[in-house]
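Comments concern the structure below.
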Amino acid sequence: MPAKRQIVTFGGGGFSMEAGNPLLDEFVLGLTGSARPRVCFLPQASGDADHYIVRFYRAFGADRCVPSHLSLFRRLRSPREPRRHLLAQDLIYVGGGSVRSLLGVWRAHGIDEILMEAWDRGVILCGLSAGSLCWFTEGVSTFHGSAERVEGLGFLPWSNTVHYSSEPDRREAYHRCLCDGMRPGYAADDGAALHFVDHNLAQVVASRPDARGYRVELQVGRVVTSRLATRYLGDGTLAAPVRPAAGAVPA
Amino acid sequence: MAGGPDPSAGGRNGARPSRTTVVLGGHEFSRRRGNEALRDYVLGLATVEHPRICLLPTASGDAEAQIHGFRQSLGGLPCRVSDLSLFRLEGERLALREHLLRQDIIYVGGGSMNNLLAIWRAHGIDRILREAWEAGTILCGQSAGAMCWFEWGISRSSGAAQPMRGLGFLPGSLSVHYHRDADRRRVFHQAVALVIPAGYGLDDGTGLLFRDDELAEVVSARPGSGAWRVQSAGGGAWKETALRARQLADPRPAIDEQDGAVSELRRTLASRAGGGLTAR
């Protein structure tokens, strides 16, 4: 039986943006079905920023999982054989930053092909912000100035945009792109995550009661945004979701 | 300025500004010997009084230490300093092209040459740099930021030293850290003997100035550091020829020269710690 191919994309959230609210990170760990999953962090969108790697290890403790990271800037302190290492994971977690820089570095090192192979073999792929946009065919990046259309890896045959309710400029740019012929797609708020099985959206979950996922498409020349049923992951025993941490890394 | 350019080394020729490139075999923004001399040499090449100088720290993934060192080293000098991130969003948002075209000097830091070129291409920075260079902006860099301008460099982006294609703004090849990295030098010699065009081997603390495609000047800011022309000698052999370098002096005593004082201070502190102070 072929492995189930899964991708989870956060509109924003997880340890990078929601200090003290582990709901989205717990959700992706839980999808692995392993008591102590192997999780590898890919921080290339931030240039393998040290502070980001440290925060990953704080959030993904060795009691809960087997954490590691792959650096493509400081190879000496990183697994020697990226392919073998990545294929051995249960979960690959991609951080935020610049999606253009992320894809540039991955392609220079052949990581894009390894990730395709990992996905086919059942390794769960996830990420926030730039780490969400990268899996789709196209999306909107707002890096350095104006929002622009950007191509992703194309694992998912949709368009994508992130921080949907919190960044009106990006939302408007996304709508313009759709009018200009960008394929239909999915948007997510900070705190909302889209779970895809193969190419299809299977469920939407959230770490905040008001966060949502959206289907966005052009219908008779107009952009139509449909709010998707979103399951809040909090069960009442957890503290109220916290606001995004300062210094968050959006796409 | 102690490390100013030699006026005979080249300059404006007619209507079009010459394309100026300065490559450094190894340079840090520290007070170790030669580093301030090379920094002043680069600044002195600008033809305006308060040049705009922008750091591209891309090859290191925007390492904090590199950005901090650059800003600290240039901070008190008559220039306008900026750095351009291709990863982070927290800082000031810049229009990439406008910002780069406005610079008098663009300094490219060291790190991974492979990542540097891949990221530049992903953002279209390679084309903008070419445009800036042709309009008179001085392109400069050290290590990966030096080799990137040539047709070929010897990169350690994947660990082992190997030939890697650069942007090709300058003809030929360049290998850096020449006598500090024996593996890289060996790979460079083999590559020049068989595969890649002739080029230069540059020690840390040395620099080459190019006006258009021509080597205009060789400078050295450390005693014993030099530059070599490396060519194929046919039949799989190579030959190297030492280049005559102009010596640059640091504007103030380098920190290495204060080693005596540092060890004396350490000895003093150690003896005082034995006398009742807590040593940690």
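Letters for chains follow the order of the structure tokens (A, B, ...), residue numbers begin at 1 for each chain, and ligand numbers begin at 1 in the order shown.
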
Listing only residues of chain A within 12 Å of chain B, what is the closest atom pair and its distance in Å (to one decimal) for each, using only C-alpha atoms, sorted by chain and residue number ascending, as CSV?
```
residue,atom,partner,partner_atom,distance
A:Pro43,CA,B:Gly61,CA,10.2
A:Gln44,CA,B:Gly61,CA,8.1
A:Ala45,CA,B:Phe87,CA,6.2
A:Ser46,CA,B:Phe87,CA,5.0
A:Gly47,CA,B:Gly61,CA,3.8
A:Asp48,CA,B:Gly61,CA,6.3
A:Ala49,CA,B:Gly61,CA,7.1
A:Asp50,CA,B:Ala63,CA,8.4
A:His51,CA,B:Glu64,CA,10.0
A:Tyr52,CA,B:Arg88,CA,11.7
A:Ser71,CA,B:Gly61,CA,10.1
A:Leu72,CA,B:Asn115,CA,7.9
A:Phe73,CA,B:Ser112,CA,6.1
A:Arg74,CA,B:Ser60,CA,8.2
A:Arg75,CA,B:Gly159,CA,6.5
A:Leu76,CA,B:Gly159,CA,7.0
A:Arg77,CA,B:Gly159,CA,10.6
A:Ser78,CA,B:Gly159,CA,10.6
A:Pro79,CA,B:Gly159,CA,11.4
A:Arg80,CA,B:Gly159,CA,8.9
A:Glu81,CA,B:Ser158,CA,10.4
A:Pro82,CA,B:Ser158,CA,10.9
A:Gly95,CA,B:Phe87,CA,11.4
A:Gly96,CA,B:Phe87,CA,9.1
A:Gly97,CA,B:Phe87,CA,5.5
A:Ser98,CA,B:Phe87,CA,5.1
A:Val99,CA,B:Phe87,CA,8.6
A:Arg100,CA,B:Ala122,CA,5.7
A:Ser101,CA,B:Ile119,CA,5.0
A:Leu102,CA,B:Ile119,CA,7.9
A:Leu103,CA,B:Ala122,CA,7.8
A:Gly104,CA,B:Ala118,CA,4.9
A:Val105,CA,B:Asn115,CA,5.4
A:Trp106,CA,B:Asn115,CA,8.8
A:Arg107,CA,B:Ala118,CA,7.8
A:Ala108,CA,B:Ala118,CA,6.0
A:His109,CA,B:Asn114,CA,8.3
A:Gly110,CA,B:Ser158,CA,11.6
A:Ala130,CA,B:Phe87,CA,10.5
A:Ser141,CA,B:Leu89,CA,11.4
A:Thr142,CA,B:Leu89,CA,9.3
A:Phe143,CA,B:Leu89,CA,7.0
A:His144,CA,B:Arg93,CA,5.0
A:Gly145,CA,B:Arg93,CA,5.8
A:Ser146,CA,B:Ala95,CA,8.5
A:Ala147,CA,B:Ala95,CA,11.8
A:Glu148,CA,B:His123,CA,11.5
A:Val150,CA,B:Ala122,CA,10.2
A:Glu151,CA,B:Ala122,CA,10.6
A:Gly152,CA,B:Ala122,CA,11.7
A:Ala246,CA,B:Glu90,CA,9.9
A:Gly247,CA,B:Glu90,CA,6.9
A:Ala248,CA,B:Glu90,CA,8.2
A:Val249,CA,B:Leu89,CA,7.1
A:Pro250,CA,B:Leu89,CA,7.4
A:Ala251,CA,B:Leu89,CA,8.1
```

Item to complete: Quick one: everything within 10 Å of range 250-252 of chain B, counting only C-alpha atoms, minus sequence neighbours fewer than 4 positions away in the same chain. Send it as a PyMOL selection string.
Response: chain B and resi 1-3+31-41+221-222

Residues from the last selection, N, CA and C atoms, saved as a PDB file, in the first residue's frame:
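After the write, out.pdb holds the following:
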```pdb
ATOM      1  N   MET B   1      44.051  59.247   4.023  1.00  0.00           N
ATOM      2  CA  MET B   1      43.774  57.926   4.595  1.00  0.00           C
ATOM      3  C   MET B   1      44.936  56.990   4.296  1.00  0.00           C
ATOM      4  N   ALA B   2      45.401  56.264   5.281  1.00  0.00           N
ATOM      5  CA  ALA B   2      46.614  55.459   5.138  1.00  0.00           C
ATOM      6  C   ALA B   2      46.501  54.449   4.005  1.00  0.00           C
ATOM      7  N   GLY B   3      45.333  53.881   3.843  1.00  0.00           N
ATOM      8  CA  GLY B   3      45.202  52.815   2.859  1.00  0.00           C
ATOM      9  C   GLY B   3      44.541  53.280   1.579  1.00  0.00           C
ATOM     10  N   ARG B  31      39.765  44.153  14.551  1.00  0.00           N
ATOM     11  CA  ARG B  31      40.983  44.960  14.606  1.00  0.00           C
ATOM     12  C   ARG B  31      42.217  44.091  14.471  1.00  0.00           C
ATOM     13  N   ARG B  32      42.035  42.881  13.968  1.00  0.00           N
ATOM     14  CA  ARG B  32      43.233  42.078  13.680  1.00  0.00           C
ATOM     15  C   ARG B  32      43.989  42.725  12.530  1.00  0.00           C
ATOM     16  N   ARG B  33      45.281  42.430  12.490  1.00  0.00           N
ATOM     17  CA  ARG B  33      46.179  43.103  11.560  1.00  0.00           C
ATOM     18  C   ARG B  33      45.668  43.087  10.112  1.00  0.00           C
ATOM     19  N   GLY B  34      45.647  44.218   9.492  1.00  0.00           N
ATOM     20  CA  GLY B  34      45.296  44.326   8.082  1.00  0.00           C
ATOM     21  C   GLY B  34      43.828  44.584   7.813  1.00  0.00           C
ATOM     22  N   ASN B  35      42.973  44.275   8.766  1.00  0.00           N
ATOM     23  CA  ASN B  35      41.541  44.391   8.492  1.00  0.00           C
ATOM     24  C   ASN B  35      41.089  45.842   8.330  1.00  0.00           C
ATOM     25  N   GLU B  36      41.600  46.715   9.181  1.00  0.00           N
ATOM     26  CA  GLU B  36      41.205  48.126   9.059  1.00  0.00           C
ATOM     27  C   GLU B  36      41.858  48.766   7.835  1.00  0.00           C
ATOM     28  N   ALA B  37      43.083  48.340   7.516  1.00  0.00           N
ATOM     29  CA  ALA B  37      43.758  48.884   6.330  1.00  0.00           C
ATOM     30  C   ALA B  37      42.968  48.550   5.063  1.00  0.00           C
ATOM     31  N   LEU B  38      42.502  47.313   4.965  1.00  0.00           N
ATOM     32  CA  LEU B  38      41.739  46.919   3.773  1.00  0.00           C
ATOM     33  C   LEU B  38      40.391  47.638   3.726  1.00  0.00           C
ATOM     34  N   ARG B  39      39.768  47.769   4.880  1.00  0.00           N
ATOM     35  CA  ARG B  39      38.495  48.497   4.957  1.00  0.00           C
ATOM     36  C   ARG B  39      38.689  49.935   4.454  1.00  0.00           C
ATOM     37  N   ASP B  40      39.743  50.591   4.924  1.00  0.00           N
ATOM     38  CA  ASP B  40      39.992  51.973   4.507  1.00  0.00           C
ATOM     39  C   ASP B  40      40.347  52.059   3.021  1.00  0.00           C
ATOM     40  N   TYR B  41      41.054  51.043   2.535  1.00  0.00           N
ATOM     41  CA  TYR B  41      41.404  51.001   1.113  1.00  0.00           C
ATOM     42  C   TYR B  41      40.128  50.968   0.257  1.00  0.00           C
ATOM     43  N   ALA B 221      47.893  43.777   3.229  1.00  0.00           N
ATOM     44  CA  ALA B 221      47.836  44.502   4.494  1.00  0.00           C
ATOM     45  C   ALA B 221      48.409  43.668   5.638  1.00  0.00           C
ATOM     46  N   ARG B 222      49.022  42.537   5.301  1.00  0.00           N
ATOM     47  CA  ARG B 222      49.656  41.719   6.341  1.00  0.00           C
ATOM     48  C   ARG B 222      51.008  41.268   5.843  1.00  0.00           C
TER      49      ARG B 222
END
```

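Counting only C-alpha atoms, the residue from A:Pro37, A:Ala3, A:Pro209, A:Leu29 that sits nearest to Glu117 in chain A is A:Ala3.
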
Worksheet item: Could you pull the residues within 7 Å of Val219 in chain B, counting only C-alpha atoms, minus those fewer than 3 positions along the same chain, as JSON, numbers by chain?
Response: {"B": [206, 207, 208, 245, 246, 247, 248]}

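The gap separating CA of Ser34 in chain A from CA of Ala62 in chain A is 13.6 Å, in Å to one decimal.
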
Practice prompt. Return as a ChimeraX atom specification the full set of residues in range 9-193 of chain A whose backbone-based DSSP assignment is strand (DSSP E).
Written response: /A:9-10,38-42,66-69,91-94,124-128,136-141,148-151,156-161,185-188,192-193

Worksheet item: To one decimal place, how far is CA of Cys79 in chain B from CA of Arg52 in chain B in Å?
Response: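 Straight-line distance from CA of Cys79 in chain B to CA of Arg52 in chain B works out to 5.8 Å.
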
Running DSSP on the backbone, which parts of range 109-219 of chain B land in helix (DSSP H, G or I), as a CSV table (one decimal) with C-alpha atoms, in the first residue's frame?
```csv
chain,number,residue,atom,x,y,z
B,113,MET,CA,29.0,30.7,-2.4
B,114,ASN,CA,26.4,28.2,-3.5
B,115,ASN,CA,23.7,29.7,-1.3
B,116,LEU,CA,24.8,33.2,-2.1
B,117,LEU,CA,24.3,32.8,-5.8
B,118,ALA,CA,21.1,30.7,-5.5
B,119,ILE,CA,19.5,33.3,-3.3
B,120,TRP,CA,20.6,36.3,-5.4
B,121,ARG,CA,19.2,34.6,-8.5
B,122,ALA,CA,15.9,33.8,-6.7
B,123,HIS,CA,15.5,37.6,-5.9
B,125,ILE,CA,19.9,40.5,-7.3
B,126,ASP,CA,22.5,39.2,-9.8
B,127,ARG,CA,20.9,41.4,-12.5
B,128,ILE,CA,20.6,44.4,-10.2
B,129,LEU,CA,24.3,44.1,-9.2
B,130,ARG,CA,25.4,44.0,-12.8
B,131,GLU,CA,23.4,47.2,-13.5
B,132,ALA,CA,24.9,48.9,-10.4
B,133,TRP,CA,28.4,47.9,-11.4
B,134,GLU,CA,28.0,49.2,-14.9
B,144,ALA,CA,32.6,33.7,-1.1
B,145,GLY,CA,31.8,37.4,-1.7
B,146,ALA,CA,35.1,37.7,-3.6
B,147,MET,CA,34.9,34.6,-5.7
B,182,ALA,CA,45.6,23.7,1.7
B,183,ASP,CA,42.8,21.5,0.4
B,184,ARG,CA,41.2,24.4,-1.4
B,185,ARG,CA,44.5,25.4,-2.9
B,186,ARG,CA,45.2,21.8,-4.1
B,187,VAL,CA,41.7,21.6,-5.7
B,188,PHE,CA,42.3,25.0,-7.3
B,189,HIS,CA,45.6,24.0,-8.9
B,190,GLN,CA,44.1,20.8,-10.3
B,191,ALA,CA,41.1,22.6,-11.6
B,192,VAL,CA,43.2,25.3,-13.3
B,193,ALA,CA,45.5,22.6,-14.7
B,194,LEU,CA,42.6,20.7,-16.3
```

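Residue nearest Arg222 in chain A, chosen from A:Asp189, A:Gly234, A:Leu178, A:Leu201 and counting only C-alpha atoms: A:Leu178.
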
Worksheet item: Which neighbours of Arg36 in chain A fall inside 12 Å, counting only C-alpha atoms, when residues of the same chain fewer than 5 positions from it are skipped, and could you give them as a VMD selection string?
Response: chain A and resid 26 29 to 31 60 to 67 89 to 91

Write a file of the just-selected residues containing C-alpha atoms, as a PDB file, in the first residue's frame.
```
ATOM      1  CA  GLU A  26       1.045  19.175  19.121  1.00  0.00           C
ATOM      2  CA  LEU A  29       3.286  15.721  16.185  1.00  0.00           C
ATOM      3  CA  GLY A  30       0.077  13.773  16.828  1.00  0.00           C
ATOM      4  CA  LEU A  31      -0.457  13.125  13.095  1.00  0.00           C
ATOM      5  CA  PHE A  60      10.388  20.391  20.550  1.00  0.00           C
ATOM      6  CA  GLY A  61      11.913  18.841  23.657  1.00  0.00           C
ATOM      7  CA  ALA A  62      13.656  15.480  23.577  1.00  0.00           C
ATOM      8  CA  ASP A  63      11.010  14.127  25.973  1.00  0.00           C
ATOM      9  CA  ARG A  64       8.307  14.544  23.327  1.00  0.00           C
ATOM     10  CA  CYS A  65      10.222  13.810  20.098  1.00  0.00           C
ATOM     11  CA  VAL A  66      13.637  13.268  18.534  1.00  0.00           C
ATOM     12  CA  PRO A  67      14.424  16.794  17.327  1.00  0.00           C
ATOM     13  CA  GLN A  89      12.023  11.619   9.722  1.00  0.00           C
ATOM     14  CA  ASP A  90       8.389  11.354  10.761  1.00  0.00           C
ATOM     15  CA  LEU A  91       7.856  15.097  10.431  1.00  0.00           C
TER      16      LEU A  91
END
```

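Pairwise distance (CA of Asp204 in chain B, CA of Asp181 in chain B) equals 10.3 Å.
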